[in-house]
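Take a look at the structure below.
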Amino acid sequence: MAVSNTMAYEPIGPDELERLQNIFETARYIACMSRHDPAAERLAAMAIRFYQLGIRDDDDLIHTIVKTNKALRPSADEKIPVDLN
């Protein structure tokens with residue numbers, strides 16, 4: 001995984017934003033997520049945050065986003081408790 005020593009809070013330029021948009025769209029597609037899915041916003045935030053943390057390789061960034069998203073989603077086997085009262 002390629003990690004840069006760049007400061008975590010440097011501004012993201014227009015070229016980088018366009019690149020992050022493409023990375024987000026790819027990760028969203030791999031995650032089988034609609035653009036209108038509320039969780040898609042989380043994918044976009046992860047793309048920006050992992051980029052700021054220094055992951056600059058596109059493939060590594062996409063992999064990290066998809067893997068993290070999968071880890072944060074409840075599995076199909078898990079029952080989510082619902083309070084009906």
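Chain labels A, B, ... are given in the sequence in which chains occur in the structure tokens; within each chain residues are numbered consecutively from 1, and ligands are likewise numbered from 1 in the order shown.
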
(request) List the neighbours of segment 16-30 of chain A out to 12 Å using only C-alpha atoms; skip same-chain residues closer than 2 positions along the sequence, and give me the result as a PyMOL selection string. (result) chain A and resi 10-14+32-52+55-70

For the residues selected in the previous step, produce a file with C-alpha atoms as a PDB file, in the first residue's frame.
ATOM      1  CA  GLU A  10      -3.321  20.088   3.048  1.00  0.00           C
ATOM      2  CA  PRO A  11      -6.019  21.465   0.756  1.00  0.00           C
ATOM      3  CA  ILE A  12      -7.199  19.122  -1.997  1.00  0.00           C
ATOM      4  CA  GLY A  13      -6.775  20.669  -5.426  1.00  0.00           C
ATOM      5  CA  PRO A  14      -9.187  20.487  -8.394  1.00  0.00           C
ATOM      6  CA  CYS A  32     -23.231  -2.193  -5.543  1.00  0.00           C
ATOM      7  CA  MET A  33     -24.456   1.071  -4.095  1.00  0.00           C
ATOM      8  CA  SER A  34     -26.765   3.616  -5.689  1.00  0.00           C
ATOM      9  CA  ARG A  35     -25.643   7.226  -5.853  1.00  0.00           C
ATOM     10  CA  HIS A  36     -28.794   7.979  -3.822  1.00  0.00           C
ATOM     11  CA  ASP A  37     -28.021   5.453  -1.084  1.00  0.00           C
ATOM     12  CA  PRO A  38     -27.384   7.350   2.171  1.00  0.00           C
ATOM     13  CA  ALA A  39     -24.314   5.160   2.743  1.00  0.00           C
ATOM     14  CA  ALA A  40     -22.762   6.534  -0.475  1.00  0.00           C
ATOM     15  CA  GLU A  41     -21.931   9.715   1.430  1.00  0.00           C
ATOM     16  CA  ARG A  42     -19.867   7.595   3.823  1.00  0.00           C
ATOM     17  CA  LEU A  43     -17.915   6.176   0.851  1.00  0.00           C
ATOM     18  CA  ALA A  44     -17.137   9.692  -0.352  1.00  0.00           C
ATOM     19  CA  ALA A  45     -15.982  10.710   3.123  1.00  0.00           C
ATOM     20  CA  MET A  46     -13.778   7.621   3.340  1.00  0.00           C
ATOM     21  CA  ALA A  47     -12.219   8.416  -0.043  1.00  0.00           C
ATOM     22  CA  ILE A  48     -11.266  11.893   1.125  1.00  0.00           C
ATOM     23  CA  ARG A  49     -10.080  10.789   4.565  1.00  0.00           C
ATOM     24  CA  PHE A  50      -7.940   7.882   3.383  1.00  0.00           C
ATOM     25  CA  TYR A  51      -6.455  10.163   0.716  1.00  0.00           C
ATOM     26  CA  GLN A  52      -5.627  12.748   3.387  1.00  0.00           C
ATOM     27  CA  ILE A  55      -3.063   6.517   0.504  1.00  0.00           C
ATOM     28  CA  ARG A  56      -2.283   7.829  -2.978  1.00  0.00           C
ATOM     29  CA  ASP A  57      -2.382   4.704  -5.155  1.00  0.00           C
ATOM     30  CA  ASP A  58      -5.831   4.520  -6.812  1.00  0.00           C
ATOM     31  CA  ASP A  59      -6.164   0.738  -6.515  1.00  0.00           C
ATOM     32  CA  ASP A  60      -5.069   0.760  -2.874  1.00  0.00           C
ATOM     33  CA  LEU A  61      -7.473   3.590  -2.108  1.00  0.00           C
ATOM     34  CA  ILE A  62     -10.422   1.836  -3.774  1.00  0.00           C
ATOM     35  CA  HIS A  63      -9.578  -1.440  -2.030  1.00  0.00           C
ATOM     36  CA  THR A  64      -9.333   0.279   1.365  1.00  0.00           C
ATOM     37  CA  ILE A  65     -12.660   2.094   0.897  1.00  0.00           C
ATOM     38  CA  VAL A  66     -14.538  -1.043  -0.188  1.00  0.00           C
ATOM     39  CA  LYS A  67     -12.954  -3.186   2.540  1.00  0.00           C
ATOM     40  CA  THR A  68     -13.733  -0.622   5.254  1.00  0.00           C
ATOM     41  CA  ASN A  69     -17.291  -0.158   4.002  1.00  0.00           C
ATOM     42  CA  LYS A  70     -17.846  -3.912   4.071  1.00  0.00           C
TER      43      LYS A  70
END
